[in-house]
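Here is the file data_12.csv (CSV, C-alpha atoms).
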```
chain,number,residue,atom,x,y,z
A,1,MET,CA,-11.7,1.4,90.4
A,2,GLY,CA,-14.4,3.1,88.3
A,3,PRO,CA,-13.7,5.3,85.2
A,4,SER,CA,-14.7,8.4,87.2
A,5,LEU,CA,-11.6,8.0,89.4
A,6,MET,CA,-9.3,8.0,86.4
A,7,ARG,CA,-11.2,10.9,84.7
A,8,ARG,CA,-10.1,13.7,87.0
A,9,LEU,CA,-6.5,13.4,88.1
A,10,PRO,CA,-4.3,16.2,89.4
A,11,LYS,CA,-2.0,17.9,87.0
A,12,PHE,CA,1.1,15.9,86.0
A,13,VAL,CA,-0.4,12.7,87.4
A,14,GLN,CA,-0.8,9.6,85.3
A,15,GLY,CA,-2.6,6.4,86.4
A,16,PHE,CA,-3.1,2.9,85.1
A,17,ILE,CA,-4.3,-0.6,86.3
A,18,ASP,CA,-1.4,-3.0,86.7
A,19,ARG,CA,-1.5,-6.7,85.8
A,20,HIS,CA,-2.7,-7.5,89.3
A,21,GLY,CA,-5.7,-5.2,88.9
A,22,LYS,CA,-4.3,-2.7,91.3
A,23,PRO,CA,-4.4,1.1,90.5
A,24,ARG,CA,-1.1,2.8,90.2
A,25,PHE,CA,-0.4,6.5,90.0
A,26,TYR,CA,2.7,8.5,89.2
A,27,PHE,CA,3.8,12.1,89.3
A,28,ARG,CA,5.3,12.7,85.8
A,29,ARG,CA,6.4,16.2,85.0
A,30,PRO,CA,9.1,17.1,82.4
A,31,GLY,CA,12.4,17.8,84.1
A,32,PHE,CA,11.3,16.2,87.4
A,33,LYS,CA,11.8,12.7,88.8
A,34,ARG,CA,9.1,10.2,88.2
A,35,THR,CA,7.5,9.6,91.6
A,36,PRO,CA,5.0,7.0,92.7
A,37,LEU,CA,2.0,8.3,94.6
A,38,PRO,CA,0.4,6.3,97.4
A,39,GLY,CA,-3.3,5.7,97.9
A,40,LEU,CA,-6.1,7.0,95.7
A,41,PRO,CA,-6.3,10.5,94.0
A,42,TRP,CA,-7.4,13.3,96.3
A,43,SER,CA,-6.9,11.3,99.4
A,44,PRO,CA,-4.8,13.0,102.1
A,45,GLU,CA,-1.8,10.6,101.7
A,46,PHE,CA,-2.0,11.0,98.0
A,47,MET,CA,-2.2,14.8,98.1
A,48,ALA,CA,0.6,15.0,100.7
A,49,ALA,CA,3.0,13.1,98.4
A,50,TYR,CA,1.7,15.0,95.3
A,51,GLN,CA,2.4,18.3,97.0
A,52,SER,CA,5.8,17.2,98.0
A,53,ALA,CA,6.6,16.1,94.5
A,54,ILE,CA,5.4,19.2,92.8
A,55,GLU,CA,7.1,21.6,95.2
A,56,GLY,CA,10.5,20.1,95.5
A,57,ALA,CA,11.0,16.7,94.0
A,58,PRO,CA,14.7,16.1,93.0
A,59,ARG,CA,15.0,17.4,89.5
A,60,ILE,CA,16.5,15.6,86.5
A,61,GLU,CA,18.1,18.3,84.5
A,62,VAL,CA,17.2,18.4,80.9
A,63,GLY,CA,20.5,18.6,78.9
A,64,ALA,CA,22.5,18.0,82.0
A,65,LYS,CA,25.3,16.5,80.0
A,66,HIS,CA,26.0,20.0,78.6
A,67,ILE,CA,26.5,21.5,82.0
A,68,LYS,CA,30.2,22.1,82.7
A,69,PRO,CA,31.6,20.6,85.9
A,70,GLY,CA,32.6,23.1,88.5
A,71,THR,CA,30.1,25.7,87.5
A,72,VAL,CA,27.4,27.3,89.5
A,73,ALA,CA,24.8,25.4,87.4
A,74,ALA,CA,26.5,22.1,88.2
A,75,ALA,CA,26.7,22.9,91.9
A,76,VAL,CA,23.0,23.8,92.0
A,77,MET,CA,22.0,20.7,90.1
A,78,SER,CA,24.1,18.6,92.5
A,79,TYR,CA,22.5,20.2,95.6
A,80,PHE,CA,19.0,19.6,94.2
A,81,ASN,CA,19.8,15.9,94.0
A,82,SER,CA,21.4,15.7,97.4
A,83,TRP,CA,19.9,14.1,100.5
A,84,ALA,CA,20.4,17.3,102.4
A,85,PHE,CA,18.0,19.0,100.0
A,86,ARG,CA,15.5,16.1,99.6
A,87,ASN,CA,15.1,15.8,103.4
A,88,LEU,CA,14.0,19.4,103.8
A,89,ALA,CA,10.4,20.3,104.5
A,90,ALA,CA,8.4,20.7,101.2
A,91,GLU,CA,7.9,24.4,101.7
A,92,THR,CA,11.6,24.9,102.4
A,93,ARG,CA,12.5,23.0,99.3
A,94,ARG,CA,10.1,25.1,97.2
A,95,THR,CA,11.6,28.3,98.5
A,96,ARG,CA,15.2,27.3,98.1
A,97,ARG,CA,14.6,25.9,94.6
A,98,ASN,CA,13.1,29.2,93.5
A,99,ILE,CA,16.0,31.1,94.9
A,100,LEU,CA,18.7,28.9,93.4
A,101,GLU,CA,16.9,28.7,90.0
A,102,ARG,CA,17.2,32.4,89.7
A,103,PHE,CA,20.8,32.3,91.0
A,104,ARG,CA,21.7,29.8,88.4
A,105,GLU,CA,20.0,31.8,85.6
A,106,GLN,CA,22.2,34.8,86.5
A,107,HIS,CA,25.5,33.0,87.2
A,108,GLY,CA,25.2,29.5,86.0
A,109,ASP,CA,28.2,29.5,83.7
A,110,LYS,CA,30.6,31.0,86.3
A,111,ARG,CA,33.0,28.9,88.3
A,112,ILE,CA,31.6,28.1,91.8
A,113,ALA,CA,35.1,28.1,93.2
A,114,LEU,CA,35.5,31.8,92.3
A,115,LEU,CA,32.5,33.0,94.3
A,116,GLN,CA,33.9,35.3,97.0
A,117,SER,CA,32.6,36.9,100.2
A,118,GLU,CA,32.4,40.3,98.5
A,119,HIS,CA,30.1,38.9,95.8
A,120,VAL,CA,27.8,37.4,98.4
A,121,LYS,CA,27.7,40.7,100.4
A,122,SER,CA,26.9,42.6,97.2
A,123,MET,CA,24.0,40.2,96.3
A,124,VAL,CA,22.6,40.4,99.9
A,125,ALA,CA,22.9,44.2,99.9
A,126,ALA,CA,21.0,44.4,96.6
A,127,LYS,CA,18.0,42.8,98.4
A,128,ALA,CA,18.2,44.9,101.5
A,129,GLY,CA,14.9,46.6,100.5
A,130,THR,CA,13.2,43.3,101.2
A,131,PRO,CA,15.0,42.0,104.4
A,132,GLN,CA,13.2,38.6,104.5
A,133,ALA,CA,14.1,37.9,100.9
A,134,ALA,CA,17.7,38.9,101.6
A,135,ASN,CA,18.0,36.6,104.5
A,136,ASN,CA,16.4,33.7,102.7
A,137,PHE,CA,18.9,34.2,99.9
A,138,LEU,CA,21.8,34.2,102.3
A,139,LYS,CA,20.6,31.1,104.1
A,140,THR,CA,20.0,29.3,100.8
A,141,VAL,CA,23.4,30.1,99.4
A,142,ARG,CA,25.0,29.1,102.7
A,143,ALA,CA,23.4,25.7,102.4
A,144,LEU,CA,24.6,25.4,98.8
A,145,MET,CA,28.2,26.3,99.9
A,146,GLN,CA,28.1,23.7,102.6
A,147,HIS,CA,27.1,21.1,100.0
A,148,CYS,CA,29.9,22.3,97.7
A,149,ILE,CA,32.4,21.8,100.6
A,150,ASP,CA,31.1,18.3,101.3
A,151,GLN,CA,31.4,17.5,97.6
A,152,ARG,CA,34.9,19.1,97.4
A,153,MET,CA,33.8,21.6,94.8
A,154,ARG,CA,35.5,24.2,97.0
A,155,THR,CA,37.4,24.3,100.3
A,156,ASP,CA,35.9,27.4,102.0
A,157,ASP,CA,32.5,29.0,102.7
A,158,PRO,CA,32.2,32.6,101.1
A,159,THR,CA,29.1,33.2,103.1
A,160,ARG,CA,30.9,32.9,106.4
A,161,GLY,CA,31.0,36.3,108.1
A,162,VAL,CA,28.3,37.7,105.9
A,163,ARG,CA,25.7,39.2,108.2
A,164,SER,CA,22.0,38.8,107.7
A,165,VAL,CA,19.8,41.9,107.4
A,166,LYS,CA,18.2,43.0,110.6
A,167,ILE,CA,14.4,42.9,110.5
A,168,LYS,CA,12.6,45.2,112.8
A,169,THR,CA,9.3,43.4,112.9
A,170,ASP,CA,7.3,41.0,115.0
A,171,GLY,CA,6.7,38.8,112.0
A,172,TYR,CA,3.1,37.9,111.0
A,173,ARG,CA,0.5,40.1,112.5
A,174,THR,CA,-1.3,38.3,115.4
A,175,TRP,CA,-5.1,38.5,115.2
A,176,THR,CA,-6.8,40.5,117.9
A,177,GLU,CA,-10.1,39.5,119.5
A,178,ALA,CA,-11.6,42.4,117.5
A,179,ASP,CA,-10.3,40.9,114.3
A,180,ILE,CA,-11.8,37.5,115.1
A,181,GLU,CA,-15.2,39.1,115.9
A,182,ALA,CA,-15.2,41.1,112.7
A,183,PHE,CA,-14.4,38.0,110.6
A,184,GLU,CA,-17.1,36.0,112.4
A,185,ALA,CA,-19.7,38.7,111.8
A,186,VAL,CA,-19.2,38.6,108.0
A,187,HIS,CA,-18.7,34.8,107.7
A,188,PRO,CA,-21.3,32.9,109.7
A,189,ILE,CA,-21.2,29.3,110.9
A,190,GLY,CA,-21.8,27.0,107.9
A,191,THR,CA,-19.5,28.8,105.5
A,192,ARG,CA,-16.1,27.6,104.3
A,193,ALA,CA,-14.5,30.8,105.6
A,194,ARG,CA,-15.8,30.3,109.2
A,195,LEU,CA,-14.7,26.6,109.1
A,196,ALA,CA,-11.2,27.7,108.0
A,197,LEU,CA,-11.0,30.3,110.8
A,198,ALA,CA,-12.1,27.7,113.4
A,199,LEU,CA,-9.6,25.1,112.2
A,200,LEU,CA,-6.7,27.6,112.4
A,201,LEU,CA,-7.8,29.1,115.6
A,202,TYR,CA,-8.7,26.0,117.6
A,203,THR,CA,-5.8,23.8,116.4
A,204,ALA,CA,-2.9,26.3,116.3
A,205,GLN,CA,-1.6,24.6,113.2
A,206,ARG,CA,0.1,25.9,110.1
A,207,ARG,CA,-1.9,26.4,106.9
A,208,SER,CA,0.0,23.4,105.2
A,209,ASP,CA,-1.4,21.1,107.9
A,210,VAL,CA,-4.9,22.6,108.2
A,211,VAL,CA,-5.6,22.1,104.4
A,212,MET,CA,-4.9,18.4,104.8
A,213,LEU,CA,-7.2,17.7,107.7
A,214,GLY,CA,-10.3,15.6,107.2
A,215,ARG,CA,-12.8,13.5,109.2
A,216,GLN,CA,-10.5,10.5,108.9
A,217,HIS,CA,-8.1,12.4,111.3
A,218,VAL,CA,-10.7,12.6,114.1
A,219,HIS,CA,-11.0,9.7,116.6
A,220,ALA,CA,-13.0,9.8,119.8
A,221,GLY,CA,-13.0,13.6,119.9
A,222,VAL,CA,-9.3,14.0,119.2
A,223,LEU,CA,-7.7,15.4,116.1
A,224,HIS,CA,-4.6,13.5,114.9
A,225,VAL,CA,-2.1,15.7,113.1
A,226,ARG,CA,1.2,14.9,111.5
A,227,GLN,CA,2.9,18.2,110.8
A,228,ARG,CA,4.5,18.5,107.4
A,229,LYS,CA,7.2,20.9,108.4
A,230,THR,CA,8.5,19.1,111.5
A,231,GLY,CA,7.2,15.6,111.0
A,232,ARG,CA,5.9,15.7,114.5
A,233,SER,CA,2.7,13.8,115.4
A,234,LEU,CA,0.1,15.6,117.6
A,235,GLU,CA,-3.1,14.6,119.3
A,236,ILE,CA,-5.3,17.6,119.9
A,237,PRO,CA,-8.6,17.4,121.7
A,238,ILE,CA,-11.3,19.1,119.6
A,239,HIS,CA,-12.5,22.3,121.2
A,240,PRO,CA,-16.3,22.5,121.6
A,241,ALA,CA,-16.6,25.6,119.4
A,242,LEU,CA,-14.7,23.8,116.6
A,243,GLN,CA,-16.8,20.7,117.0
A,244,ALA,CA,-20.0,22.7,116.7
A,245,ILE,CA,-18.7,24.3,113.5
A,246,LEU,CA,-17.7,20.9,112.0
A,247,GLU,CA,-21.1,19.5,112.7
A,248,ALA,CA,-22.8,22.6,111.1
A,249,THR,CA,-20.6,22.4,107.9
A,250,PRO,CA,-21.4,19.1,106.2
A,251,SER,CA,-18.8,17.7,103.8
A,252,ASP,CA,-18.4,14.5,101.8
A,253,HIS,CA,-14.8,15.2,100.9
A,254,LEU,CA,-11.6,13.8,102.3
A,255,THR,CA,-10.5,17.2,103.6
A,256,PHE,CA,-12.6,19.7,105.6
A,257,LEU,CA,-11.5,22.6,103.4
A,258,THR,CA,-11.9,22.4,99.6
A,259,THR,CA,-11.8,24.7,96.7
A,260,GLN,CA,-15.0,25.8,94.9
A,261,ALA,CA,-14.5,22.8,92.6
A,262,GLY,CA,-14.5,20.4,95.7
A,263,GLN,CA,-10.7,19.7,95.5
A,264,PRO,CA,-8.2,20.0,98.4
A,265,PHE,CA,-6.4,23.4,98.6
A,266,SER,CA,-2.7,23.7,98.1
A,267,PRO,CA,-1.1,25.8,100.9
A,268,ALA,CA,-0.4,28.7,98.5
A,269,GLY,CA,-3.9,28.5,97.0
A,270,PHE,CA,-5.5,28.5,100.5
A,271,THR,CA,-3.4,31.6,101.5
A,272,ASN,CA,-4.8,33.6,98.6
A,273,TRP,CA,-8.3,32.4,99.1
A,274,PHE,CA,-8.2,33.2,102.8
A,275,ARG,CA,-6.7,36.6,102.2
A,276,ASP,CA,-9.8,37.5,100.1
A,277,ARG,CA,-12.1,36.4,103.0
A,278,CYS,CA,-10.1,38.6,105.3
A,279,ASN,CA,-10.6,41.5,102.9
A,280,GLU,CA,-14.3,40.9,102.8
A,281,ALA,CA,-14.3,41.2,106.6
A,282,GLY,CA,-12.4,44.6,106.4
A,283,LEU,CA,-9.4,43.3,108.3
A,284,PRO,CA,-6.1,45.3,108.2
A,285,ARG,CA,-3.5,44.6,105.6
A,286,GLY,CA,-1.1,41.9,106.7
A,287,THR,CA,-3.8,39.9,108.4
A,288,SER,CA,-3.1,36.3,107.4
A,289,ALA,CA,-3.8,32.6,108.2
A,290,HIS,CA,-0.5,32.3,110.0
A,291,GLY,CA,-1.6,35.2,112.3
A,292,LEU,CA,-4.4,32.9,113.6
A,293,ARG,CA,-1.8,30.3,114.7
A,294,LYS,CA,-0.2,33.1,116.7
A,295,ALA,CA,-3.6,34.2,118.0
A,296,ALA,CA,-4.2,30.6,119.2
A,297,CYS,CA,-0.9,30.6,121.1
A,298,ARG,CA,-1.8,34.0,122.5
A,299,ARG,CA,-5.2,32.7,123.8
A,300,LEU,CA,-3.5,29.7,125.4
A,301,ALA,CA,-1.0,32.0,127.2
A,302,GLU,CA,-3.7,34.3,128.4
A,303,ALA,CA,-5.6,31.3,129.8
A,304,GLY,CA,-2.5,30.6,131.9
A,305,CYS,CA,-0.9,27.8,129.9
A,306,SER,CA,2.8,27.4,130.2
A,307,ALA,CA,5.2,27.4,127.2
A,308,ASN,CA,5.3,23.6,127.4
A,309,LEU,CA,1.5,23.3,127.3
A,310,ILE,CA,1.3,25.7,124.3
A,311,ALA,CA,3.9,23.8,122.4
A,312,ALA,CA,2.0,20.5,123.1
A,313,VAL,CA,-0.8,22.0,121.0
A,314,SER,CA,1.1,24.1,118.4
A,315,GLY,CA,3.9,21.6,117.9
A,316,HIS,CA,6.7,24.2,118.1
A,317,LYS,CA,10.0,22.4,118.4
A,318,SER,CA,11.6,25.3,120.3
A,319,LEU,CA,10.1,26.9,123.4
A,320,ARG,CA,11.7,30.2,122.7
A,321,GLU,CA,8.9,31.4,120.4
A,322,VAL,CA,6.0,30.3,122.5
A,323,GLN,CA,7.7,31.9,125.6
A,324,ARG,CA,7.0,35.3,124.0
A,325,TYR,CA,3.3,34.6,124.5
A,326,THR,CA,3.6,33.5,128.1
A,327,GLU,CA,5.9,36.5,128.9
A,328,ALA,CA,3.4,38.9,127.3
A,329,ALA,CA,0.5,37.4,129.1
A,330,ASP,CA,2.4,37.4,132.4
A,331,GLN,CA,3.3,41.0,131.9
A,332,VAL,CA,-0.4,41.9,131.5
A,333,ARG,CA,-1.5,39.9,134.5
A,334,MET,CA,1.3,41.4,136.7
A,335,ALA,CA,0.6,44.9,135.6
A,336,ARG,CA,-3.1,44.5,136.3
A,337,SER,CA,-2.3,43.1,139.7
A,338,ALA,CA,0.1,45.9,140.4
A,339,MET,CA,-2.4,48.6,139.5
A,340,GLU,CA,-5.2,46.9,141.5
A,341,THR,CA,-2.8,46.9,144.5
A,342,VAL,CA,-2.0,50.6,144.2
A,343,ALA,CA,-5.7,51.4,143.6
A,344,GLY,CA,-6.5,49.7,146.9
A,345,THR,CA,-3.7,51.6,148.7
A,346,PHE,CA,-4.4,55.1,147.4
A,347,SER,CA,-7.7,56.8,146.8
A,348,ALA,CA,-8.6,58.6,143.6
A,349,ALA,CA,-7.5,61.8,145.3
A,350,GLY,CA,-4.1,60.3,146.0
A,351,THR,CA,-4.5,59.9,149.7
A,352,ARG,CA,-3.5,56.7,151.4
A,353,THR,CA,-6.4,54.4,152.2
A,354,SER,CA,-4.3,51.5,153.7
A,355,SER,CA,-2.6,51.4,157.0
A,356,VAL,CA,0.4,49.9,155.4
A,357,LYS,CA,3.4,52.3,155.7
A,358,PRO,CA,5.5,53.0,152.7
A,359,GLY,CA,8.8,51.0,152.7
```
Let me see the structure of the file written as structure tokens.
Amino acid sequence: MGPSLMRRLPKFVQGFIDRHGKPRFYFRRPGFKRTPLPGLPWSPEFMAAYQSAIEGAPRIEVGAKHIKPGTVAAAVMSYFNSWAFRNLAAETRRTRRNILERFREQHGDKRIALLQSEHVKSMVAAKAGTPQAANNFLKTVRALMQHCIDQRMRTDDPTRGVRSVKIKTDGYRTWTEADIEAFEAVHPIGTRARLALALLLYTAQRRSDVVMLGRQHVHAGVLHVRQRKTGRSLEIPIHPALQAILEATPSDHLTFLTTQAGQPFSPAGFTNWFRDRCNEAGLPRGTSAHGLRKAACRRLAEAGCSANLIAAVSGHKSLREVQRYTEAADQVRMARSAMETVAGTFSAAGTRTSSVKPG
């Protein structure tokens, strides 16, 4: 291992050569568990472990001996170090950690056994202006309460019966064909932005998976993906359009997509960067990377793919979500067929052109 490899390590990473001459790397951040990192710096396996460690590694509480047993702070600390928390997807751990850190800052010295349903309802209602945040808070506190019951910190669940806030939205905005054309007009083949669009659109994967993809994941024209959120392994044939863009965008890095400094993107960093590229294309507010995953599913449905076929590409565990695309595509096809039938039966003047008698 040359000195250049040791010169530029990710933040909170320390490396050394062991007595057998093998390079060793560890994630070491104050307040976090010391975590060994596999492979070499900036490799996909290294960055996957690094991202997991920095977003949700079990925390070793500084001054934990001063935390009183039975308090909210003690319950939160216990949950962070539980297998239930550690086995969550990295993005879910990050979200729940942020929510519970704020919850602990506000109520850490209070007794966890004294938390009542009325308190939870009040806290959820205070976030009603941001329904998604309110529901994430409720789901997170509910998971914390289940842990408390398992650890006998309390005997009941105060979140039981507390209703989530209704959200009147279709979620992330799905890209239209006009959106795609507008983006492609501003970001030509050969640019990082066009490569990002193609990877999202022709793989139907989440941003957290797309930023980790590299040429080492391609074998015989097939892209091999292991989804971070679900752990599911997928083999996706590379679309000719994506293949052409990959060939036109040379890269000597371990990931297809890199920052300006040539380093792999974090999921959050990629989101912000891609949002700027969407702004440059003049796309509507709310147009996001995740909307391209939805657009990919929409295209598959419009091509006549069943929910099962779509899920084989996207990796959705539940067919309920992808069925929305097939139902929408079926509605359009049936409506078009119905109008073509009525157009062939009645003239523009409204007179019958067919010999078929009305039923």
### Query
What does the distance from CA of Val141 in chain A to CA of Lys229 in chain A come to in Å, to one decimal?
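A separation of 20.7 Å between them.
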### Task
Extract, using only C-alpha atoms, all DNA, RNA and protein residues at most 10 Å from range 239-248 of chain A, discarding same-chain residues fewer than 3 positions from it, and format them as number ranges by chain.
A: 188-191, 194-203, 215, 221-223, 236, 251, 256
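From CA of Gly282 in chain A back to CA of Glu177 in chain A, the distance works out to 14.2 Å.
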### Task
Go through A:Val162, A:Val218, A:Ala329, A:Leu283 and flag the residue nearest Cys297 in chain A, using all atoms listed in the file for the distances.
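So, comparing all the options, the nearest one is A:Ala329.
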### Task
Pick out the closest residue to Leu40 in chain A from this set: A:Leu213, A:Val13, A:Leu88, A:Ala53. Count all atoms listed in the file.
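Closest residue, counting all atoms listed in the file: A:Val13.
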### Message
So that I can see what lies close to Glu101 in chain A, please list as a list in words the residues with an atom at most 12 Å from it, counting all atoms listed in the file and leaving out residues fewer than 6 positions away in the same chain.
### Response
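Once the adjacent positions are removed, what remains is Arg59, Glu61, Val72, Ala73, Ala74, Ala75, Val76, Met77, Tyr79, Phe80, Arg93, Arg94, Thr95, His107, Gly108, Phe137, Thr140 and Val141 of chain A.
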### Query
So how far away is CA of Arg86 in chain A from CA of Pro41 in chain A, in Å?
23.2 Å
### Task
Name the closest residue to Ser122 in chain A among the candidates A:Leu257, A:Glu105, A:Arg163, A:Met153; distances are taken between atoms, counting all atoms listed in the file.
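The answer is A:Arg163, which sits nearest to Ser122 in chain A.
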### Query
With distances taken over only C-alpha atoms, which of A:Asn98, A:Gln106, A:Asn308, A:Ser52 is nearest to Arg320 in chain A?
A:Asn308
### Message
For a cutoff of 12 Å around the file-coordinate point (-13.2, 37.8, 105.0), which residues qualify once you count only C-alpha atoms? I'd like the result as an MDAnalysis selection string.
### Response
chainID A and resid 179:188 191:194 196:197 272:285 287:289
### Query
Quick one: of A:Gly129, A:Gly231, A:Pro69, A:Gly262, who's nearest to Ala113 in chain A, counting all atoms listed in the file?
A:Pro69
